[in-house]
$ cat structure_27.txt   # compact mmCIF, C-alpha atoms
# COMPACT_ATOMS: atom_id res chain seq x y z
CA MET A 18 112.24 116.61 57.17
CA ASP A 19 109.56 116.60 59.78
CA ARG A 20 109.53 113.08 61.11
CA PHE A 21 111.93 112.19 63.83
CA LYS A 22 111.46 110.55 67.20
CA LEU A 23 113.24 111.02 70.49
CA ARG A 24 113.41 108.14 72.94
CA LYS A 25 115.39 106.74 75.85
CA ALA A 26 118.36 104.70 74.64
CA GLU A 27 118.19 100.91 74.97
CA PRO A 28 120.99 98.32 75.10
CA LYS A 29 120.62 97.75 71.34
CA ASP A 30 121.55 101.42 70.73
CA VAL A 31 125.05 101.01 72.16
CA PRO A 32 126.81 100.61 68.75
CA ASP A 33 125.05 103.75 67.47
CA ILE A 34 125.91 105.69 70.63
CA LEU A 35 129.58 104.76 70.23
CA ARG A 36 129.48 105.68 66.54
CA LEU A 37 128.04 109.13 67.36
CA ILE A 38 130.53 109.65 70.22
CA LYS A 39 133.33 108.98 67.71
CA GLU A 40 131.74 111.27 65.11
CA LEU A 41 131.59 114.12 67.62
CA ALA A 42 135.18 113.39 68.70
CA LYS A 43 136.24 113.40 65.01
CA TYR A 44 134.64 116.82 64.62
CA GLU A 45 136.85 117.96 67.55
CA GLU A 46 139.81 116.20 65.85
CA MET A 47 140.14 113.82 68.81
CA GLU A 48 138.79 110.56 67.38
CA ASP A 49 141.76 108.44 68.48
CA GLN A 50 141.15 109.53 72.09
CA VAL A 51 137.92 107.52 72.25
CA ILE A 52 139.03 104.34 73.99
CA LEU A 53 135.58 103.45 75.34
CA THR A 54 134.16 100.19 73.92
CA GLU A 55 130.62 98.94 73.27
CA LYS A 56 131.11 96.53 76.18
CA ASP A 57 131.98 99.43 78.56
CA LEU A 58 128.98 101.44 77.34
CA LEU A 59 126.69 98.45 77.83
CA GLU A 60 127.87 97.65 81.37
CA ASP A 61 128.08 101.27 82.46
CA GLY A 62 124.76 102.42 81.02
CA PHE A 63 122.48 99.42 81.31
CA GLY A 64 123.68 97.54 84.38
CA ASP A 65 122.28 97.68 87.94
CA HIS A 66 123.68 101.13 88.46
CA PRO A 67 123.74 103.27 85.31
CA PHE A 68 126.61 105.76 85.24
CA TYR A 69 125.01 107.67 82.38
CA HIS A 70 121.67 108.05 80.58
CA CYS A 71 121.08 108.61 76.89
CA VAL A 72 118.36 110.03 74.72
CA VAL A 73 118.57 109.14 71.01
CA ALA A 74 117.01 110.79 67.96
CA GLU A 75 115.85 108.39 65.29
CA VAL A 76 114.47 108.82 61.77
CA PRO A 77 112.28 106.26 59.94
CA SER A 78 114.22 104.00 57.53
CA GLU A 79 112.81 105.61 54.38
CA GLN A 80 114.11 109.03 55.43
CA GLN A 81 117.76 108.03 55.50
CA SER A 82 120.05 109.64 52.98
CA ASN A 83 120.90 106.21 51.56
CA ASN A 84 119.18 102.85 51.94
CA ASN A 85 121.80 101.42 54.26
CA GLY A 86 122.21 104.56 56.38
CA PRO A 87 121.77 104.49 60.15
CA VAL A 88 118.43 105.15 61.79
CA VAL A 89 119.82 106.76 64.95
CA ILE A 90 121.06 110.19 63.87
CA GLY A 91 121.57 112.11 67.12
CA PHE A 92 122.01 111.64 70.86
CA ALA A 93 122.50 113.31 74.21
CA MET A 94 124.32 111.71 77.13
CA TYR A 95 123.62 112.98 80.64
CA TYR A 96 123.84 111.99 84.30
CA PHE A 97 122.90 113.39 87.69
CA THR A 98 125.33 115.36 89.79
CA TYR A 99 124.93 116.96 93.22
CA ASP A 100 125.40 120.52 94.38
CA PRO A 101 125.95 120.66 98.16
CA TRP A 102 123.96 123.92 98.36
CA ILE A 103 120.90 122.99 96.33
CA GLY A 104 120.94 119.24 95.65
CA LYS A 105 120.42 117.34 92.41
CA LEU A 106 121.52 118.70 89.06
CA LEU A 107 121.27 117.27 85.55
CA TYR A 108 124.66 117.29 83.86
CA LEU A 109 124.67 117.29 80.04
CA GLU A 110 127.82 115.47 78.98
CA ASP A 111 127.58 114.96 75.20
CA PHE A 112 125.12 116.32 72.66
CA PHE A 113 125.34 115.68 68.90
CA VAL A 114 123.14 115.59 65.81
CA MET A 115 124.63 114.28 62.55
CA LYS A 116 125.46 117.14 60.20
CA GLU A 117 122.96 116.29 57.47
CA TYR A 118 120.10 116.27 60.02
CA ARG A 119 120.74 119.67 61.53
CA GLY A 120 118.55 122.72 61.11
CA PHE A 121 115.31 120.80 61.67
CA GLY A 122 114.88 121.49 65.35
CA ILE A 123 116.13 118.09 66.52
CA GLY A 124 118.72 119.68 68.84
CA SER A 125 116.09 122.01 70.28
CA GLU A 126 113.74 119.11 70.92
CA ILE A 127 116.49 117.10 72.61
CA LEU A 128 117.22 120.04 74.89
CA LYS A 129 113.50 120.43 75.58
CA LEU A 130 113.28 116.77 76.58
CA LEU A 131 116.32 117.11 78.84
CA SER A 132 114.86 120.24 80.44
CA HIS A 133 111.65 118.33 81.10
CA THR A 134 113.62 115.42 82.60
CA ALA A 135 115.53 117.83 84.83
CA VAL A 136 112.36 119.45 86.13
CA LYS A 137 110.59 116.09 86.59
CA THR A 138 113.49 114.64 88.61
CA ARG A 139 113.58 117.77 90.75
CA CYS A 140 116.91 119.08 89.56
CA SER A 141 117.59 122.73 90.26
CA SER A 142 119.68 123.33 87.18
CA MET A 143 121.32 121.75 84.13
CA HIS A 144 125.10 122.09 83.96
CA PHE A 145 127.48 121.41 81.09
CA ILE A 146 130.82 122.60 79.77
CA VAL A 147 131.43 124.28 76.44
CA ALA A 148 134.80 124.96 74.83
CA GLU A 149 135.43 128.69 74.82
CA GLY A 150 136.09 128.63 71.05
CA ASN A 151 132.75 127.05 70.22
CA GLN A 152 130.75 130.21 69.44
CA ALA A 153 127.89 128.38 67.69
CA SER A 154 127.19 126.19 70.75
CA ILE A 155 127.64 129.08 73.17
CA GLU A 156 125.01 131.08 71.26
CA PHE A 157 122.66 128.05 71.07
CA TYR A 158 122.78 127.72 74.87
CA LYS A 159 122.75 131.45 75.66
CA ARG A 160 119.56 131.83 73.60
CA ARG A 161 118.03 129.36 76.03
CA GLY A 162 119.12 131.21 79.15
CA ALA A 163 122.49 129.61 79.81
CA ALA A 164 124.94 131.57 81.96
CA ASP A 165 128.71 131.19 81.84
CA LEU A 166 129.63 130.21 85.40
CA SER A 167 133.33 130.26 84.52
CA LEU A 168 132.91 133.93 83.71
CA GLU A 169 130.50 134.85 86.51
CA GLU A 170 132.04 132.83 89.31
CA GLY A 171 135.58 132.11 88.11
CA TRP A 172 135.34 128.32 88.13
CA ARG A 173 138.10 126.37 86.42
CA LEU A 174 137.91 122.63 85.67
CA PHE A 175 140.81 120.52 86.97
CA LYS A 176 141.70 116.89 86.64
CA ILE A 177 144.03 114.44 88.40
CA ASP A 178 144.88 111.63 86.03
CA LYS A 179 145.17 107.94 86.79
CA SER A 180 148.96 107.91 87.08
CA SER A 181 148.82 110.65 89.70
CA LEU A 182 145.89 108.92 91.44
CA LEU A 183 147.99 105.73 91.66
CA LYS A 184 150.89 107.70 93.05
CA MET A 185 148.67 109.28 95.68
CA SER A 186 146.92 106.08 96.68
CA SER A 187 150.13 104.14 97.19
CA GLY A 188 152.46 106.96 98.22
CA PRO A 189 154.08 107.51 101.64
CA GLU A 190 152.23 109.32 104.44
CA GLU A 191 152.90 113.07 104.40
CA MET B 24 148.13 114.73 114.68
CA SER B 25 147.57 111.09 113.92
CA ASN B 26 144.47 110.84 116.07
CA PHE B 27 141.73 110.91 113.49
CA LEU B 28 139.87 108.39 111.40
CA LEU B 29 138.40 108.53 107.94
CA ARG B 30 135.27 106.53 107.15
CA LYS B 31 132.32 106.32 104.79
CA ALA B 32 129.51 108.60 105.89
CA GLU B 33 126.41 106.99 107.42
CA PRO B 34 122.84 108.32 107.70
CA LYS B 35 123.62 109.56 111.24
CA ASP B 36 126.28 111.90 109.79
CA VAL B 37 123.81 113.95 107.77
CA SER B 38 123.54 116.82 110.28
CA ASP B 39 127.34 117.07 110.51
CA ILE B 40 127.61 117.00 106.72
CA LEU B 41 125.13 119.86 106.42
CA ARG B 42 126.94 121.80 109.15
CA LEU B 43 130.27 121.44 107.30
CA ILE B 44 128.67 122.33 103.94
CA LYS B 45 127.39 125.54 105.56
CA GLU B 46 130.78 126.24 107.16
CA LEU B 47 132.51 125.93 103.80
CA ALA B 48 129.83 128.14 102.18
CA LYS B 49 130.35 130.71 104.98
CA PHE B 50 134.07 130.72 104.16
CA GLU B 51 133.02 131.58 100.56
CA LYS B 52 130.58 134.18 102.00
CA MET B 53 127.63 132.27 100.49
CA GLU B 54 126.07 130.70 103.60
CA GLU B 55 122.49 131.83 102.85
CA GLN B 56 122.70 130.10 99.46
CA VAL B 57 122.65 126.69 101.13
CA ILE B 58 118.99 125.71 100.83
CA LEU B 59 119.60 121.97 101.04
CA THR B 60 118.05 120.30 104.11
CA GLU B 61 119.03 117.30 106.25
CA LYS B 62 115.99 115.47 104.87
CA GLU B 63 117.18 115.93 101.27
CA LEU B 64 120.74 114.93 102.14
CA LEU B 65 119.35 111.78 103.76
CA GLU B 66 117.08 110.82 100.83
CA ASP B 67 119.60 111.76 98.18
CA GLY B 68 122.64 110.11 99.78
CA PHE B 69 121.24 107.09 101.57
CA GLY B 70 118.25 106.00 99.51
CA ASP B 71 118.07 103.27 96.84
CA HIS B 72 120.04 105.37 94.42
CA PRO B 73 122.64 107.60 96.06
CA PHE B 74 123.25 110.83 94.17
CA TYR B 75 126.41 111.51 96.14
CA HIS B 76 128.92 109.76 98.43
CA CYS B 77 130.72 111.16 101.44
CA VAL B 78 133.84 110.41 103.39
CA VAL B 79 134.05 111.98 106.86
CA ALA B 80 136.99 112.68 109.17
CA GLU B 81 136.32 112.06 112.85
CA VAL B 82 138.36 112.76 116.00
CA PRO B 83 137.97 111.13 119.43
CA GLU B 84 135.68 112.86 121.98
CA ASP B 85 138.62 114.24 123.93
CA LYS B 86 139.93 115.94 120.78
CA GLN B 87 136.61 117.50 119.78
CA SER B 88 136.41 120.95 118.16
CA SER B 89 136.09 124.09 120.27
CA ASP B 90 132.34 124.04 119.54
CA GLY B 91 131.99 120.39 120.55
CA TYR B 92 132.05 118.41 117.29
CA THR B 93 133.87 115.17 116.51
CA VAL B 94 133.15 115.07 112.76
CA ILE B 95 135.60 117.73 111.63
CA GLY B 96 136.04 117.26 107.88
CA PHE B 97 134.39 115.73 104.86
CA ALA B 98 134.57 115.17 101.14
CA MET B 99 131.53 114.77 98.90
CA TYR B 100 131.95 113.02 95.55
CA TYR B 101 130.01 111.16 92.86
CA PHE B 102 130.68 109.33 89.63
CA THR B 103 130.49 111.03 86.26
CA TYR B 104 131.01 109.68 82.74
CA ASP B 105 133.38 110.75 80.00
CA PRO B 106 132.16 109.51 76.58
CA TRP B 107 135.78 108.91 75.48
CA ILE B 108 137.11 107.03 78.50
CA GLY B 109 134.21 106.10 80.75
CA LYS B 110 133.83 106.50 84.52
CA LEU B 111 135.34 109.41 86.41
CA LEU B 112 135.28 110.32 90.09
CA TYR B 113 134.05 113.87 90.58
CA LEU B 114 135.11 115.62 93.77
CA GLU B 115 132.34 118.08 94.64
CA ASP B 116 133.10 119.44 98.12
CA PHE B 117 136.15 119.04 100.32
CA TYR B 118 136.59 120.74 103.72
CA VAL B 119 138.46 120.36 107.00
CA MET B 120 137.56 122.64 109.94
CA LYS B 121 140.14 125.38 110.40
CA GLU B 122 141.44 124.26 113.80
CA PHE B 123 142.19 120.77 112.42
CA ARG B 124 144.20 121.82 109.40
CA GLY B 125 147.91 121.25 108.92
CA SER B 126 147.81 117.71 110.31
CA GLY B 127 147.55 115.84 107.02
CA ILE B 128 143.79 115.18 107.24
CA GLY B 129 143.17 116.76 103.82
CA SER B 130 146.00 114.76 102.26
CA ASP B 131 144.63 111.56 103.74
CA ILE B 132 141.13 112.30 102.47
CA LEU B 133 142.52 112.84 98.99
CA LYS B 134 144.45 109.58 99.30
CA VAL B 135 141.25 107.68 100.21
CA LEU B 136 139.46 109.28 97.26
CA SER B 137 142.32 108.34 94.93
CA GLU B 138 142.11 104.73 96.14
CA THR B 139 138.36 104.76 95.59
CA ALA B 140 138.80 106.13 92.08
CA VAL B 141 141.37 103.46 91.16
CA LYS B 142 139.35 100.66 92.79
CA THR B 143 136.15 101.63 90.92
CA ARG B 144 138.09 101.78 87.65
CA CYS B 145 137.83 105.51 87.12
CA SER B 146 140.28 107.02 84.64
CA SER B 147 140.60 110.33 86.40
CA MET B 148 139.32 112.54 89.23
CA HIS B 149 137.74 115.84 88.16
CA PHE B 150 136.80 118.88 90.25
CA ILE B 151 136.46 122.63 89.89
CA VAL B 152 138.45 125.24 91.75
CA ALA B 153 137.78 128.98 91.87
CA GLU B 154 140.51 130.78 89.94
CA TRP B 155 141.32 133.03 92.91
CA ASN B 156 141.78 130.11 95.35
CA LYS B 157 145.58 129.93 95.18
CA PRO B 158 146.18 127.65 98.22
CA SER B 159 143.76 125.03 96.86
CA ILE B 160 145.19 125.27 93.35
CA GLU B 161 148.69 124.71 94.77
CA PHE B 162 147.45 121.82 96.98
CA TYR B 163 146.07 120.04 93.92
CA LYS B 164 148.90 120.90 91.55
CA ARG B 165 151.39 119.40 94.03
CA ARG B 166 149.48 116.16 93.57
CA GLY B 167 149.58 116.21 89.79
CA ALA B 168 146.41 118.14 88.97
CA SER B 169 146.22 119.97 85.66
CA ASP B 170 143.97 122.88 84.79
CA LEU B 171 141.71 121.71 81.97
CA SER B 172 140.17 125.15 81.66
CA ASP B 173 143.62 126.42 80.85
CA GLU B 174 144.78 123.51 78.67
CA GLU B 175 141.56 122.82 76.81
CA GLY B 176 139.53 126.03 77.18
CA TRP B 177 136.54 124.47 78.93
CA ARG B 178 134.03 126.83 80.56
CA LEU B 179 131.26 125.73 82.92
CA TYR B 180 127.72 126.76 82.01
CA ALA B 181 124.41 126.52 83.83
CA ILE B 182 120.76 126.70 82.73
CA GLU B 183 118.76 127.45 85.85
CA LYS B 184 115.34 126.06 86.74
CA ASN B 185 113.24 128.98 85.56
CA ASP B 186 114.81 128.70 82.11
CA LEU B 187 114.46 124.90 82.15
CA LEU B 188 110.73 125.40 82.78
CA LYS B 189 110.56 127.90 79.92
CA ILE B 190 112.32 125.49 77.55
CA SER B 191 110.20 122.50 78.53
CA ALA B 192 106.97 124.47 78.08
CA LYS B 193 107.83 125.99 74.71
CA LYS B 194 105.80 124.84 71.69
CA ARG B 195 107.74 123.72 68.58
$ encode --input "structure_27.txt" --output "structure tokens"
Amino acid sequence: MDRFKLRKAEPKDVPDILRLIKELAKYEEMEDQVILTEKDLLEDGFGDHPFYHCVVAEVPSEQQSNNNGPVVIGFAMYYFTYDPWIGKLLYLEDFFVMKEYRGFGIGSEILKLLSHTAVKTRCSSMHFIVAEGNQASIEFYKRRGAADLSLEEGWRLFKIDKSSLLKMSSGPEE
Amino acid sequence: MSNFLLRKAEPKDVSDILRLIKELAKFEKMEEQVILTEKELLEDGFGDHPFYHCVVAEVPEDKQSSDGYTVIGFAMYYFTYDPWIGKLLYLEDFYVMKEFRGSGIGSDILKVLSETAVKTRCSSMHFIVAEWNKPSIEFYKRRGASDLSDEEGWRLYAIEKNDLLKISAKKR
């Protein structure tokens, strides 16, 4: 398979983006945790202020595995973050190519496009998180120069969930 | 000390923001790694599309710091996106000058950020903490924070610019 195209996502791609988000979540056995809707994705990605950007990988209709199969077969979701020491960064949030379309360099091309976007928008670096058990992904990224900042600098990711945020925002003065 | 105010940063605060960023970096012994300039902070934070937001803590003139400053703390944050739940508030930097600590300024900043997160319909606030930074870890855990690196095994990776250039120039 040698014919695929990468392009910026458009509002019409929202159902495919959600489908691929769920497929990736299913692969991580977390499909029921996806509560995002097409409406959220549309407002958040294609409104006045986009909270995320997407690149999609598409194959021509005649190359689908069955006549009714989807045309969008991979995606990457990213946004811009800010490092107070160096400025803008590109943050890669989700990255997935459907199983039957792997091994053709689509993932590599997506990463190439993202790297180009990062450089063009004057980002100093691309950041992303990888689960420590995901050896295949870790190798994929390490082959491209990725460094494990959790290992090198001891960073740990924390979260404060909505219930605790509500407690804090309405709680008594300390 | 109840004599302080928290407010959204304005373009005029950019030199104080940079000063506090450098002070925090100095505390982490990384001061020379701060290559960001006031010009970039101004463009990136107060242009058409802000890449970050800041809240600053200010004291009255008569309460100024020993080196003469009235902006004595700040928090830098931006919005990120979780493909399962949507918008998140990401806390990037958070610092109160040493002589102003212990008065609840940090707690109040976190409260303002929590309100902002809830008001902008964020599901969660995320941030990273260095594993050796026990006081900060305790500060956050007291407020309900959980360690996702611990619970879910996430590790933060970076691909730096020279490698990005290599990748973007590579032929298929």
$ closest_residue --input "structure_27.txt" --among "A:Ile123, A:Ile38, A:Lys137, A:Phe63" --to "chain B" --atoms "all atoms listed in the file"
A:Ile38
$ atom_distance --input "structure_27.txt" --atom1 "atom CA of Lys45 of chain B" --atom2 "atom CA of Pro101 of chain A"
9.0 Å
$ closest_residue --input "structure_27.txt" --among "B:Asp105, B:Val57, B:Glu161, B:Lys62" --to "chain A" --atoms "only C-alpha atoms"
B:Val57
$ closest_residue --input "structure_27.txt" --among "B:Ile160, B:Val82, B:Leu179, B:Leu28" --to "chain A" --atoms "only C-alpha atoms"
B:Leu179
$ closest_residue --input "structure_27.txt" --among "B:Arg124, B:His149, B:Arg178, B:Lys157" --to "Leu112 of chain B" --atoms "all atoms listed in the file"
B:His149
$ interface_residues --input "structure_27.txt" --of "chain B" --to "chain A" --cutoff "6 Å" --atoms "all atoms listed in the file" --output "JSON, numbers by chain"
{"B": [57, 58, 59, 107, 108, 134, 137, 138, 146, 147, 148, 149, 150, 151, 152, 153, 154, 167, 168, 169, 170, 171, 172, 176, 177, 178, 179, 180, 181, 182, 183, 184, 186, 187, 190, 191]}
$ write_last_selection --input "structure_27.txt" --atoms "C-alpha atoms" --output "PDB file, keeping the file's coordinate frame"
ATOM      1  CA  VAL B  57     122.650 126.690 101.130  1.00  0.00           C
ATOM      2  CA  ILE B  58     118.990 125.710 100.830  1.00  0.00           C
ATOM      3  CA  LEU B  59     119.600 121.970 101.040  1.00  0.00           C
ATOM      4  CA  TRP B 107     135.780 108.910  75.480  1.00  0.00           C
ATOM      5  CA  ILE B 108     137.110 107.030  78.500  1.00  0.00           C
ATOM      6  CA  LYS B 134     144.450 109.580  99.300  1.00  0.00           C
ATOM      7  CA  SER B 137     142.320 108.340  94.930  1.00  0.00           C
ATOM      8  CA  GLU B 138     142.110 104.730  96.140  1.00  0.00           C
ATOM      9  CA  SER B 146     140.280 107.020  84.640  1.00  0.00           C
ATOM     10  CA  SER B 147     140.600 110.330  86.400  1.00  0.00           C
ATOM     11  CA  MET B 148     139.320 112.540  89.230  1.00  0.00           C
ATOM     12  CA  HIS B 149     137.740 115.840  88.160  1.00  0.00           C
ATOM     13  CA  PHE B 150     136.800 118.880  90.250  1.00  0.00           C
ATOM     14  CA  ILE B 151     136.460 122.630  89.890  1.00  0.00           C
ATOM     15  CA  VAL B 152     138.450 125.240  91.750  1.00  0.00           C
ATOM     16  CA  ALA B 153     137.780 128.980  91.870  1.00  0.00           C
ATOM     17  CA  GLU B 154     140.510 130.780  89.940  1.00  0.00           C
ATOM     18  CA  GLY B 167     149.580 116.210  89.790  1.00  0.00           C
ATOM     19  CA  ALA B 168     146.410 118.140  88.970  1.00  0.00           C
ATOM     20  CA  SER B 169     146.220 119.970  85.660  1.00  0.00           C
ATOM     21  CA  ASP B 170     143.970 122.880  84.790  1.00  0.00           C
ATOM     22  CA  LEU B 171     141.710 121.710  81.970  1.00  0.00           C
ATOM     23  CA  SER B 172     140.170 125.150  81.660  1.00  0.00           C
ATOM     24  CA  GLY B 176     139.530 126.030  77.180  1.00  0.00           C
ATOM     25  CA  TRP B 177     136.540 124.470  78.930  1.00  0.00           C
ATOM     26  CA  ARG B 178     134.030 126.830  80.560  1.00  0.00           C
ATOM     27  CA  LEU B 179     131.260 125.730  82.920  1.00  0.00           C
ATOM     28  CA  TYR B 180     127.720 126.760  82.010  1.00  0.00           C
ATOM     29  CA  ALA B 181     124.410 126.520  83.830  1.00  0.00           C
ATOM     30  CA  ILE B 182     120.760 126.700  82.730  1.00  0.00           C
ATOM     31  CA  GLU B 183     118.760 127.450  85.850  1.00  0.00           C
ATOM     32  CA  LYS B 184     115.340 126.060  86.740  1.00  0.00           C
ATOM     33  CA  ASP B 186     114.810 128.700  82.110  1.00  0.00           C
ATOM     34  CA  LEU B 187     114.460 124.900  82.150  1.00  0.00           C
ATOM     35  CA  ILE B 190     112.320 125.490  77.550  1.00  0.00           C
ATOM     36  CA  SER B 191     110.200 122.500  78.530  1.00  0.00           C
TER      37      SER B 191
END
$ closest_residue --input "structure_27.txt" --among "B:Gly70, B:Ala192, B:Ala140, B:Leu133" --to "Lys110 of chain B" --atoms "all atoms listed in the file"
B:Ala140
$ residues_around --input "structure_27.txt" --residues "segment 64-68 of chain B" --least-positions-apart "4" --cutoff "9 Å" --atoms "only C-alpha atoms" --output "JSON, numbers by chain"
{"A": [99, 101, 104, 105], "B": [34, 35, 37, 38, 40, 41, 59, 60, 72, 73, 74, 75, 76, 77]}
$ atom_distance --input "structure_27.txt" --atom1 "atom CA of Ile127 of chain A" --atom2 "atom CA of Leu59 of chain A"
21.9 Å
$ atom_distance --input "structure_27.txt" --atom1 "atom CA of Tyr100 of chain B" --atom2 "atom CA of Ile44 of chain B"
13.0 Å
$ closest_residue --input "structure_27.txt" --among "A:Val76, A:Val114, A:Val88, A:Ala153" --to "Pro32 of chain A" --atoms "all atoms listed in the file"
A:Val88
